[in-house]
$ cat data_26.txt   # compact mmCIF, C-alpha atoms
# COMPACT_ATOMS: atom_id res chain seq x y z
CA MET A 15 16.28 19.12 1.95
CA LYS A 16 15.39 20.85 5.23
CA GLN A 17 11.77 19.73 4.89
CA LEU A 18 12.87 16.14 4.27
CA THR A 19 15.11 16.24 7.36
CA LEU A 20 12.26 17.53 9.52
CA ILE A 21 9.91 14.83 8.26
CA LEU A 22 12.40 12.05 8.94
CA ALA A 23 13.25 13.39 12.40
CA PHE A 24 9.58 13.65 13.31
CA THR A 25 8.68 10.18 12.11
CA ALA A 26 11.72 8.63 13.80
CA THR A 27 10.79 10.33 17.09
CA ALA A 28 7.25 8.98 16.84
CA LEU A 29 8.55 5.48 16.14
CA PHE A 30 11.00 5.42 19.06
CA TRP A 31 8.41 6.90 21.42
CA SER A 32 5.89 4.23 20.51
CA CYS A 33 8.36 1.34 20.75
CA ASN A 34 9.54 2.57 24.13
CA GLN A 35 5.94 2.56 25.36
CA GLN A 36 5.65 -1.22 25.15
CA SER A 37 8.09 -1.72 28.04
CA THR A 38 6.06 0.49 30.39
CA ASP A 39 4.52 -1.15 33.42
CA TYR A 40 1.59 0.12 35.46
CA GLY A 41 4.01 2.18 37.54
CA GLN A 42 2.81 0.27 40.61
CA THR A 43 4.30 -2.54 42.67
CA ILE A 44 2.67 -5.52 44.32
CA ASN A 45 3.09 -4.01 47.80
CA PRO A 46 3.72 -0.40 48.92
CA LEU A 47 6.17 -1.45 51.67
CA LEU A 48 8.10 -4.27 50.01
CA GLY A 49 7.65 -3.33 46.37
CA ASP A 50 8.47 -6.22 44.01
CA ILE A 51 11.42 -7.56 45.99
CA SER A 52 9.71 -10.94 46.32
CA PHE A 53 9.54 -11.41 42.54
CA VAL A 54 13.07 -10.15 41.96
CA ARG A 55 14.47 -12.48 44.65
CA GLU A 56 12.62 -15.44 43.17
CA PHE A 57 13.17 -14.88 39.43
CA GLY A 58 16.04 -12.42 39.17
CA TYR A 59 14.17 -9.73 37.20
CA LYS A 60 11.37 -7.26 37.71
CA PRO A 61 7.80 -8.14 36.73
CA THR A 62 6.15 -6.27 33.87
CA ALA A 63 2.60 -5.47 32.79
CA THR A 64 2.41 -8.87 31.06
CA THR A 65 3.57 -10.94 34.05
CA ASP A 66 0.94 -13.38 35.25
CA GLU A 67 -1.01 -11.75 38.07
CA VAL A 68 -1.58 -14.91 40.08
CA LEU A 69 2.13 -15.69 39.96
CA ARG A 70 2.96 -12.22 41.29
CA ILE A 71 0.50 -12.54 44.18
CA LYS A 72 1.59 -16.05 45.13
CA THR A 73 5.26 -15.07 45.00
CA HIS A 74 4.63 -12.06 47.22
CA LEU A 75 2.60 -13.96 49.81
CA ALA A 76 5.16 -16.77 49.99
CA TYR A 77 7.94 -14.22 50.55
CA VAL A 78 6.05 -12.39 53.31
CA GLU A 79 5.07 -15.63 55.05
CA LYS A 80 8.70 -16.74 55.14
CA LEU A 81 9.79 -13.31 56.36
CA LEU A 82 7.25 -13.25 59.20
CA ARG A 83 8.02 -16.81 60.31
CA LYS A 84 11.68 -15.90 60.71
CA LYS A 85 10.97 -12.88 62.85
CA ASP A 86 11.85 -13.08 66.55
CA VAL A 87 8.58 -12.83 68.52
CA SER A 88 9.87 -13.97 71.88
CA ASN A 89 8.50 -10.75 73.37
CA LEU A 90 4.95 -11.97 72.71
CA THR A 91 3.02 -14.14 75.10
CA LEU A 92 2.77 -17.83 74.30
CA GLU A 93 -0.91 -17.34 73.43
CA LEU A 94 -0.11 -14.58 70.94
CA GLN A 95 2.74 -16.60 69.47
CA ALA A 96 0.34 -19.49 68.89
CA LYS A 97 -2.24 -17.20 67.26
CA ARG A 98 0.46 -15.71 65.07
CA ARG A 99 1.58 -19.15 63.86
CA HIS A 100 -2.05 -20.04 63.17
CA LEU A 101 -2.48 -16.91 61.03
CA LEU A 102 0.63 -17.76 59.02
CA ASP A 103 -0.68 -21.30 58.50
CA LEU A 104 -3.93 -19.79 57.23
CA LEU A 105 -1.96 -17.49 54.95
CA ASN A 106 -0.19 -20.52 53.51
CA ASP A 107 -3.55 -22.20 52.83
CA TYR A 108 -4.86 -19.02 51.20
CA ARG A 109 -1.83 -18.69 48.95
CA THR A 110 -1.93 -22.36 47.92
CA THR A 111 -5.61 -22.16 46.98
CA GLY A 112 -4.84 -19.27 44.61
CA ILE A 113 -8.27 -17.62 44.66
CA PHE A 114 -7.63 -13.87 44.81
CA PRO A 115 -9.81 -10.79 44.31
CA ARG A 116 -9.58 -8.62 41.21
CA ASN A 117 -9.29 -4.91 40.61
CA TYR A 118 -12.38 -4.19 38.54
CA ASP A 119 -12.65 -0.45 39.16
CA TYR A 120 -9.18 1.05 38.59
CA ALA A 121 -8.00 0.53 35.02
CA GLU A 122 -4.72 2.44 35.27
CA LYS A 123 -3.15 1.46 38.58
CA ARG A 124 -2.66 -1.18 41.25
CA VAL A 125 -4.86 -0.94 44.31
CA PRO A 126 -5.73 -3.24 47.23
CA CYS A 127 -9.19 -4.77 47.18
CA PHE A 128 -10.61 -6.22 50.40
CA ILE A 129 -13.52 -8.13 48.81
CA ASP A 130 -14.34 -7.83 45.10
CA LYS A 131 -17.75 -7.92 43.43
CA ASP A 132 -17.46 -11.70 42.99
CA GLY A 133 -17.02 -12.19 46.75
CA LYS A 134 -13.33 -13.08 46.51
CA ILE A 135 -11.47 -11.87 49.57
CA CYS A 136 -7.93 -10.56 50.00
CA ALA A 137 -5.24 -12.18 52.14
CA VAL A 138 -5.75 -10.08 55.28
CA GLY A 139 -9.51 -10.29 54.82
CA TYR A 140 -9.23 -14.09 54.67
CA LEU A 141 -7.31 -14.16 57.96
CA ILE A 142 -10.03 -12.03 59.57
CA GLU A 143 -12.79 -14.18 58.08
CA GLN A 144 -11.22 -17.41 59.36
CA THR A 145 -10.50 -16.14 62.89
CA GLU A 146 -13.65 -14.03 63.33
CA ASP A 147 -16.42 -14.37 60.73
CA ARG A 148 -17.43 -13.28 57.25
CA GLN A 149 -19.76 -10.59 58.56
CA PHE A 150 -16.87 -8.82 60.29
CA ALA A 151 -14.86 -8.93 57.05
CA GLU A 152 -17.84 -7.56 55.09
CA GLN A 153 -18.16 -4.65 57.52
CA ILE A 154 -14.54 -3.74 56.97
CA ASN A 155 -15.02 -4.03 53.20
CA ASN A 156 -17.97 -1.65 53.29
CA ARG A 157 -15.76 1.05 54.81
CA TYR A 158 -12.32 0.34 53.38
CA LYS A 159 -12.72 -1.73 50.20
CA TYR A 160 -9.83 -0.11 48.28
CA ASP A 161 -7.83 1.25 51.23
CA LYS A 162 -4.40 0.19 52.38
CA ILE A 163 -4.28 -1.49 55.80
CA SER A 164 -2.11 1.37 57.07
CA ALA A 165 -4.90 3.83 56.20
CA MET A 166 -7.64 1.93 58.04
CA ASN A 167 -8.08 4.04 61.15
CA ASP A 168 -10.56 1.70 62.78
CA HIS A 169 -10.57 0.46 66.36
CA SER A 170 -12.05 -2.92 65.46
CA VAL A 171 -9.32 -3.55 62.87
CA ASP A 172 -6.55 -2.44 65.24
CA SER A 173 -8.01 -4.61 68.00
CA TRP A 174 -8.08 -7.72 65.81
CA ILE A 175 -4.47 -7.17 64.79
CA ALA A 176 -3.27 -6.68 68.35
CA THR A 177 -5.08 -9.77 69.69
CA ASN A 178 -3.69 -12.09 67.02
CA GLY A 179 0.03 -11.54 67.44
CA LEU A 180 0.64 -9.30 64.42
CA ARG A 181 1.49 -5.64 63.99
CA LYS A 182 -0.28 -3.29 61.61
CA GLU A 183 2.89 -2.87 59.58
CA GLU A 184 3.10 -6.65 59.13
CA CYS A 185 -0.51 -6.77 57.89
CA ALA A 186 0.36 -3.98 55.46
CA MET A 187 3.28 -6.11 54.24
CA ILE A 188 0.91 -9.01 53.57
CA GLN A 189 -1.72 -6.98 51.68
CA PRO A 190 -1.18 -7.16 47.88
CA ALA A 191 -2.14 -4.48 45.38
CA TYR A 192 -4.01 -5.84 42.38
CA GLY A 193 -3.44 -4.79 38.80
CA PRO A 194 -6.23 -3.97 36.32
CA THR A 195 -8.21 -6.92 35.03
CA PRO A 196 -7.07 -8.34 31.63
CA ILE A 197 -10.16 -6.98 29.87
CA CYS A 198 -9.32 -3.44 30.88
CA THR A 199 -5.59 -3.79 30.55
CA TYR A 200 -4.77 -5.59 27.34
CA ASN A 201 -7.59 -5.13 24.86
CA HIS A 202 -6.78 -1.50 24.19
CA ILE A 203 -4.36 0.74 22.32
CA THR A 204 -1.92 2.95 24.21
CA THR A 205 -1.95 6.67 23.54
CA ALA A 206 1.62 6.59 22.23
CA TYR A 207 0.91 3.79 19.76
CA GLY A 208 -2.28 5.47 18.57
CA ILE A 209 -0.58 8.83 17.97
CA SER A 210 2.47 7.38 16.22
CA SER A 211 0.24 5.21 14.00
CA SER A 212 -1.86 8.25 13.10
CA VAL A 213 1.24 10.27 12.18
CA PHE A 214 2.58 7.53 9.92
CA GLY A 215 -0.88 6.95 8.46
CA VAL A 216 -1.43 10.59 7.49
CA PHE A 217 2.06 10.83 5.95
CA ASN A 218 1.73 7.62 3.96
CA LEU A 219 -1.82 8.23 2.73
CA SER A 220 -0.69 11.64 1.45
CA LEU A 221 2.40 10.16 -0.18
CA ASN A 222 0.33 7.40 -1.78
CA THR A 223 -1.92 10.06 -3.33
CA LEU A 224 1.08 12.00 -4.66
CA ASN A 225 2.72 8.82 -5.98
CA GLY A 226 -0.50 7.92 -7.81
CA ILE A 227 -0.73 11.36 -9.42
CA GLN A 228 2.90 11.30 -10.53
CA ILE A 229 2.59 7.78 -11.94
CA ALA A 230 -0.55 8.73 -13.91
CA LYS A 231 0.91 11.98 -15.32
CA GLY A 232 4.43 10.70 -15.87
CA ILE A 233 5.92 13.34 -13.60
CA HIS A 234 9.54 12.72 -12.70
CA SER A 235 10.30 13.50 -9.03
CA ARG A 236 12.57 11.58 -6.72
CA ALA A 237 11.63 13.39 -3.48
CA VAL A 238 8.12 11.93 -3.04
CA PRO A 239 8.95 8.25 -3.71
CA VAL A 240 12.18 8.38 -1.66
CA ILE A 241 10.32 9.80 1.34
CA GLY A 242 7.62 7.19 0.75
CA LEU A 243 10.14 4.35 0.89
CA ILE A 244 11.42 5.64 4.25
CA THR A 245 8.04 6.31 5.90
CA GLY A 246 6.60 3.09 4.48
CA ALA A 247 9.43 1.09 6.04
CA GLY A 248 8.96 3.01 9.28
CA GLN A 249 5.27 2.14 9.48
CA ILE A 250 5.96 -1.53 8.75
CA THR A 251 8.59 -1.55 11.51
CA LEU A 252 6.16 0.10 13.92
CA GLY A 253 3.43 -2.42 13.18
CA ALA A 254 5.77 -5.40 13.50
CA ALA A 255 7.33 -4.13 16.74
CA MET A 256 3.94 -3.55 18.36
CA PHE A 257 2.26 -6.73 17.07
CA PRO A 258 0.87 -8.32 20.27
CA ASN A 259 1.78 -11.79 21.46
CA GLU A 260 -0.68 -14.15 23.07
CA GLN A 261 -0.85 -13.47 26.81
CA ASN A 262 -1.67 -15.71 29.75
CA GLY A 263 -4.66 -14.25 31.58
CA TRP A 264 -6.56 -15.31 34.63
CA ASP A 265 -9.18 -16.93 32.42
CA GLY A 266 -6.80 -18.49 29.90
CA ASN A 267 -4.87 -17.20 26.91
CA TYR A 268 -5.99 -14.13 24.98
CA THR A 269 -4.72 -11.59 22.45
CA ASN A 270 -5.06 -7.82 22.35
CA GLU A 271 -7.32 -7.76 19.28
CA SER A 272 -7.43 -3.95 19.04
CA GLN A 273 -3.65 -3.64 18.96
CA LYS A 274 -3.42 -6.60 16.60
CA THR A 275 -5.80 -4.94 14.13
CA LEU A 276 -3.93 -1.62 14.25
CA SER A 277 -0.60 -3.40 13.75
CA MET A 278 -1.95 -5.16 10.65
CA VAL A 279 -3.21 -1.82 9.28
CA ASN A 280 0.24 -0.28 9.87
CA ILE A 281 2.00 -3.14 8.09
CA GLY A 282 -0.48 -3.08 5.19
CA LEU A 283 -0.40 0.69 4.67
CA GLY A 284 3.39 0.78 4.98
CA SER A 285 3.71 -2.00 2.38
CA THR A 286 1.38 -0.15 0.00
CA THR A 287 3.46 3.01 0.34
CA ILE A 288 6.67 1.15 -0.45
CA ILE A 289 5.13 -0.52 -3.53
CA LEU A 290 3.75 2.74 -4.95
CA SER A 291 6.97 4.62 -4.20
CA ALA A 292 9.10 1.97 -5.91
CA TRP A 293 6.73 1.93 -8.91
CA ASN A 294 6.96 5.72 -9.15
CA LEU A 295 10.76 5.64 -9.12
CA ILE A 296 10.98 2.96 -11.79
CA SER A 297 8.22 4.04 -14.19
CA ASN A 298 8.97 7.76 -14.29
CA ARG A 299 12.76 7.82 -14.29
CA LYS A 300 14.48 9.87 -16.97
CA PRO A 301 15.84 7.83 -19.90
CA LYS A 302 19.63 7.82 -20.02
CA ASP A 303 21.35 9.48 -22.97
CA LYS A 304 22.58 6.90 -25.42
CA GLN A 305 26.33 6.54 -25.43
CA THR A 306 26.47 5.34 -29.07
CA THR A 307 24.28 6.74 -31.87
CA TRP A 308 24.26 6.22 -35.68
CA ASN A 309 22.46 7.71 -38.61
CA ILE A 310 22.18 7.36 -42.43
CA TYR A 311 21.50 10.52 -44.39
CA ARG A 312 21.61 11.88 -47.95
CA PHE A 313 23.83 14.65 -49.32
CA PRO A 314 23.98 16.35 -52.77
CA MET A 315 26.78 15.48 -55.24
CA GLN A 316 27.95 16.87 -58.56
CA SER A 317 25.83 16.34 -61.67
CA ASN A 318 22.68 16.63 -59.54
CA LYS A 319 23.29 13.25 -57.97
CA THR A 320 22.51 12.32 -54.38
CA GLY A 321 24.87 10.37 -52.15
CA LEU A 322 24.34 8.40 -48.96
CA ALA A 323 26.43 8.79 -45.81
CA PHE A 324 26.68 6.88 -42.54
CA SER A 325 27.59 8.57 -39.25
CA LEU A 326 28.57 6.90 -35.95
CA THR A 327 28.89 8.89 -32.72
CA ARG A 328 30.32 7.60 -29.44
CA ARG A 329 29.96 9.60 -26.22
CA PHE A 330 32.66 9.25 -23.56
$ encode --input "data_26.txt" --output "structure tokens"
Amino acid sequence: MKQLTLILAFTATALFWSCNQQSTDYGQTINPLLGDISFVREFGYKPTATTDEVLRIKTHLAYVEKLLRKKDVSNLTLELQAKRRHLLDLLNDYRTTGIFPRNYDYAEKRVPCFIDKDGKICAVGYLIEQTEDRQFAEQINNRYKYDKISAMNDHSVDSWIATNGLRKEECAMIQPAYGPTPICTYNHITTAYGISSSVFGVFNLSLNTLNGIQIAKGIHSRAVPVIGLITGAGQITLGAAMFPNEQNGWDGNYTNESQKTLSMVNIGLGSTTIILSAWNLISNRKPKDKQTTWNIYRFPMQSNKTGLAFSLTRRF
């Protein structure tokens, strides 16, 4: 009984751990200063790992643009105020176009990316490109491709910011952090799901072997098939809970094929374990004692004759 309790506790822990893993996000927000407040204000809930990336970026940029337009800049000269408005107009154009860089090099976290390998430029980089030139933006990218604006200790960057009516903190508020690309993010199996699937798989393959031996030899044992029914149901539940839905990616809809395959294996192996366990319980159960029995037998009589007798027994 103690061994059965330990097995059930272990398998249940693995199941809950794996199911809890599916709600985990990257652990990163769209912006280090503002976090995901833009998304929460717009939609009323926090974004997750499956939230459309373009939607997150557009929502953030729209929020920051509105925030910066409301700010009192009467302390700036008229020239700087005009340049500032021009930058915010450019930011609006950039957001509306919806062409943003990708994070190709960091598969586990969100990072800024000034210009990606496809030549797509970030929001602040676009403002620099439009007010200066592409070459200036490329020079910054060569030195600070994955750096936050606040970490760019560069005189040319600071000078551009100061002469265009913004502050460095405001540029840092604009700069998004980009999540891993869909290829790196979704077509994989999490460590938790892999471990919990392995635990269930080892248990159920072993139980299937034992069930097969007991069925073949006619061995009566309730422990193995009962445990098999429980772990089989657990593996089916795990596979169903982690079965991936179709996601909206930057390049269209796609499915996590690796996780889909593992989920189907979990469901199939769990079903096999339940079938074999149920068969073992039914085929090798002990026959019940008959409640009513009868018999006809002979008995000797006088004069060397033989008589017949009938007996009827009823168990209560």
$ closest_residue --input "data_26.txt" --among "A:Gln95, A:Asn280, A:Asn222, A:Ser210" --to "Ile250 (chain A)" --atoms "only C-alpha atoms"
A:Asn280
$ closest_residue --input "data_26.txt" --among "A:Thr73, A:Ser170, A:Gln189, A:Ser297" --to "Ser52 (chain A)" --atoms "all atoms listed in the file"
A:Thr73
$ residues_around --input "data_26.txt" --residues "Ala151 (chain A)" --least-positions-apart "3" --cutoff "9 Å" --atoms "all atoms listed in the file" --output "list in words"
Phe128, Ile129, Ile135, Gly139, Tyr140, Ile142, Glu143, Glu146, Asp147, Arg148, Ile154, Asn155 and Asn156 of chain A
$ residues_around --input "data_26.txt" --residues "region 54-58 of chain A" --least-positions-apart "3" --cutoff "12 Å" --atoms "only C-alpha atoms" --output "PDB file with C-alpha atoms, in the coordinates of the input"
ATOM      1  CA  THR A  43       4.300  -2.540  42.670  1.00  0.00           C
ATOM      2  CA  ILE A  44       2.670  -5.520  44.320  1.00  0.00           C
ATOM      3  CA  LEU A  48       8.100  -4.270  50.010  1.00  0.00           C
ATOM      4  CA  GLY A  49       7.650  -3.330  46.370  1.00  0.00           C
ATOM      5  CA  ASP A  50       8.470  -6.220  44.010  1.00  0.00           C
ATOM      6  CA  ILE A  51      11.420  -7.560  45.990  1.00  0.00           C
ATOM      7  CA  PRO A  61       7.800  -8.140  36.730  1.00  0.00           C
ATOM      8  CA  THR A  62       6.150  -6.270  33.870  1.00  0.00           C
ATOM      9  CA  THR A  65       3.570 -10.940  34.050  1.00  0.00           C
ATOM     10  CA  LEU A  69       2.130 -15.690  39.960  1.00  0.00           C
ATOM     11  CA  ARG A  70       2.960 -12.220  41.290  1.00  0.00           C
ATOM     12  CA  LYS A  72       1.590 -16.050  45.130  1.00  0.00           C
ATOM     13  CA  THR A  73       5.260 -15.070  45.000  1.00  0.00           C
ATOM     14  CA  HIS A  74       4.630 -12.060  47.220  1.00  0.00           C
ATOM     15  CA  ALA A  76       5.160 -16.770  49.990  1.00  0.00           C
ATOM     16  CA  TYR A  77       7.940 -14.220  50.550  1.00  0.00           C
TER      17      TYR A  77
END
$ closest_residue --input "data_26.txt" --among "A:Asn117, A:Thr223, A:Asn167, A:Gln144" --to "Asn294 (chain A)" --atoms "all atoms listed in the file"
A:Thr223
$ closest_residue --input "data_26.txt" --among "A:Leu295, A:Ala165, A:Thr64, A:Ile288" --to "Pro258 (chain A)" --atoms "only C-alpha atoms"
A:Thr64
$ atom_distance --input "data_26.txt" --atom1 "CA of Gly282 (chain A)" --atom2 "CA of Gly246 (chain A)"
9.4 Å
$ atom_distance --input "data_26.txt" --atom1 "CA of Gly193 (chain A)" --atom2 "CA of Arg124 (chain A)"
4.4 Å
$ atom_distance --input "data_26.txt" --atom1 "CA of Ile244 (chain A)" --atom2 "CA of Gly284 (chain A)"
9.4 Å
$ axis_aligned_box --input "data_26.txt" --around "region 268-278 of chain A" --padding-each-side "6 Å" --output "AutoDock Vina command-line options"
--center_x -4.0 --center_y -7.9 --center_z 17.8 --size_x 18.8 --size_y 24.5 --size_z 26.3
$ residues_around --input "data_26.txt" --residues "Ile163 (chain A)" --least-positions-apart "5" --cutoff "8 Å" --atoms "only C-alpha atoms" --output "list in words"
Lys182, Cys185, Ala186 and Gln189 of chain A
$ closest_residue --input "data_26.txt" --among "A:Ile71, A:Leu82, A:Met278, A:Ala247" --to "Thr111 (chain A)" --atoms "all atoms listed in the file"
A:Ile71
$ closest_residue --input "data_26.txt" --among "A:Phe114, A:Pro46, A:Leu102, A:Leu252" --to "Val279 (chain A)" --atoms "all atoms listed in the file"
A:Leu252
$ build_atoms --input "data_26.txt" --residues "region 78-97 of chain A" --atoms "N, CA and C atoms" --output "PDB file, in the frame of the given file"
ATOM      1  N   VAL A  78       6.426 -13.014  52.040  1.00  0.00           N
ATOM      2  CA  VAL A  78       6.050 -12.390  53.310  1.00  0.00           C
ATOM      3  C   VAL A  78       5.868 -13.439  54.403  1.00  0.00           C
ATOM      4  N   GLU A  79       5.250 -14.564  54.052  1.00  0.00           N
ATOM      5  CA  GLU A  79       5.070 -15.630  55.050  1.00  0.00           C
ATOM      6  C   GLU A  79       6.425 -16.091  55.597  1.00  0.00           C
ATOM      7  N   LYS A  80       7.368 -16.305  54.721  1.00  0.00           N
ATOM      8  CA  LYS A  80       8.700 -16.740  55.140  1.00  0.00           C
ATOM      9  C   LYS A  80       9.374 -15.674  55.996  1.00  0.00           C
ATOM     10  N   LEU A  81       9.197 -14.421  55.631  1.00  0.00           N
ATOM     11  CA  LEU A  81       9.790 -13.310  56.360  1.00  0.00           C
ATOM     12  C   LEU A  81       9.210 -13.223  57.774  1.00  0.00           C
ATOM     13  N   LEU A  82       7.898 -13.373  57.887  1.00  0.00           N
ATOM     14  CA  LEU A  82       7.250 -13.250  59.200  1.00  0.00           C
ATOM     15  C   LEU A  82       7.528 -14.453  60.094  1.00  0.00           C
ATOM     16  N   ARG A  83       7.710 -15.623  59.503  1.00  0.00           N
ATOM     17  CA  ARG A  83       8.020 -16.810  60.310  1.00  0.00           C
ATOM     18  C   ARG A  83       9.427 -16.715  60.914  1.00  0.00           C
ATOM     19  N   LYS A  84      10.319 -16.015  60.217  1.00  0.00           N
ATOM     20  CA  LYS A  84      11.680 -15.900  60.710  1.00  0.00           C
ATOM     21  C   LYS A  84      11.826 -14.843  61.807  1.00  0.00           C
ATOM     22  N   LYS A  85      10.852 -13.996  61.921  1.00  0.00           N
ATOM     23  CA  LYS A  85      10.970 -12.880  62.850  1.00  0.00           C
ATOM     24  C   LYS A  85      10.957 -13.360  64.303  1.00  0.00           C
ATOM     25  N   ASP A  86      11.785 -12.759  65.119  1.00  0.00           N
ATOM     26  CA  ASP A  86      11.850 -13.080  66.550  1.00  0.00           C
ATOM     27  C   ASP A  86      10.645 -12.459  67.259  1.00  0.00           C
ATOM     28  N   VAL A  87       9.780 -13.305  67.816  1.00  0.00           N
ATOM     29  CA  VAL A  87       8.580 -12.830  68.520  1.00  0.00           C
ATOM     30  C   VAL A  87       8.583 -13.317  69.961  1.00  0.00           C
ATOM     31  N   SER A  88       9.765 -13.485  70.509  1.00  0.00           N
ATOM     32  CA  SER A  88       9.870 -13.970  71.880  1.00  0.00           C
ATOM     33  C   SER A  88       9.289 -12.993  72.891  1.00  0.00           C
ATOM     34  N   ASN A  89       9.094 -11.745  72.478  1.00  0.00           N
ATOM     35  CA  ASN A  89       8.500 -10.750  73.370  1.00  0.00           C
ATOM     36  C   ASN A  89       7.000 -10.931  73.520  1.00  0.00           C
ATOM     37  N   LEU A  90       6.390 -11.714  72.628  1.00  0.00           N
ATOM     38  CA  LEU A  90       4.950 -11.970  72.710  1.00  0.00           C
ATOM     39  C   LEU A  90       4.651 -13.070  73.708  1.00  0.00           C
ATOM     40  N   THR A  91       3.443 -13.056  74.213  1.00  0.00           N
ATOM     41  CA  THR A  91       3.020 -14.140  75.100  1.00  0.00           C
ATOM     42  C   THR A  91       2.889 -15.422  74.303  1.00  0.00           C
ATOM     43  N   LEU A  92       2.895 -16.545  74.987  1.00  0.00           N
ATOM     44  CA  LEU A  92       2.770 -17.830  74.300  1.00  0.00           C
ATOM     45  C   LEU A  92       1.449 -17.922  73.533  1.00  0.00           C
ATOM     46  N   GLU A  93       0.399 -17.318  74.098  1.00  0.00           N
ATOM     47  CA  GLU A  93      -0.910 -17.340  73.430  1.00  0.00           C
ATOM     48  C   GLU A  93      -0.841 -16.568  72.114  1.00  0.00           C
ATOM     49  N   LEU A  94      -0.219 -15.379  72.152  1.00  0.00           N
ATOM     50  CA  LEU A  94      -0.110 -14.580  70.940  1.00  0.00           C
ATOM     51  C   LEU A  94       0.811 -15.233  69.909  1.00  0.00           C
ATOM     52  N   GLN A  95       1.859 -15.883  70.390  1.00  0.00           N
ATOM     53  CA  GLN A  95       2.740 -16.600  69.470  1.00  0.00           C
ATOM     54  C   GLN A  95       1.984 -17.716  68.752  1.00  0.00           C
ATOM     55  N   ALA A  96       1.132 -18.416  69.486  1.00  0.00           N
ATOM     56  CA  ALA A  96       0.340 -19.490  68.890  1.00  0.00           C
ATOM     57  C   ALA A  96      -0.648 -18.934  67.856  1.00  0.00           C
ATOM     58  N   LYS A  97      -1.296 -17.822  68.194  1.00  0.00           N
ATOM     59  CA  LYS A  97      -2.240 -17.200  67.260  1.00  0.00           C
ATOM     60  C   LYS A  97      -1.518 -16.717  65.997  1.00  0.00           C
TER      61      LYS A  97
END
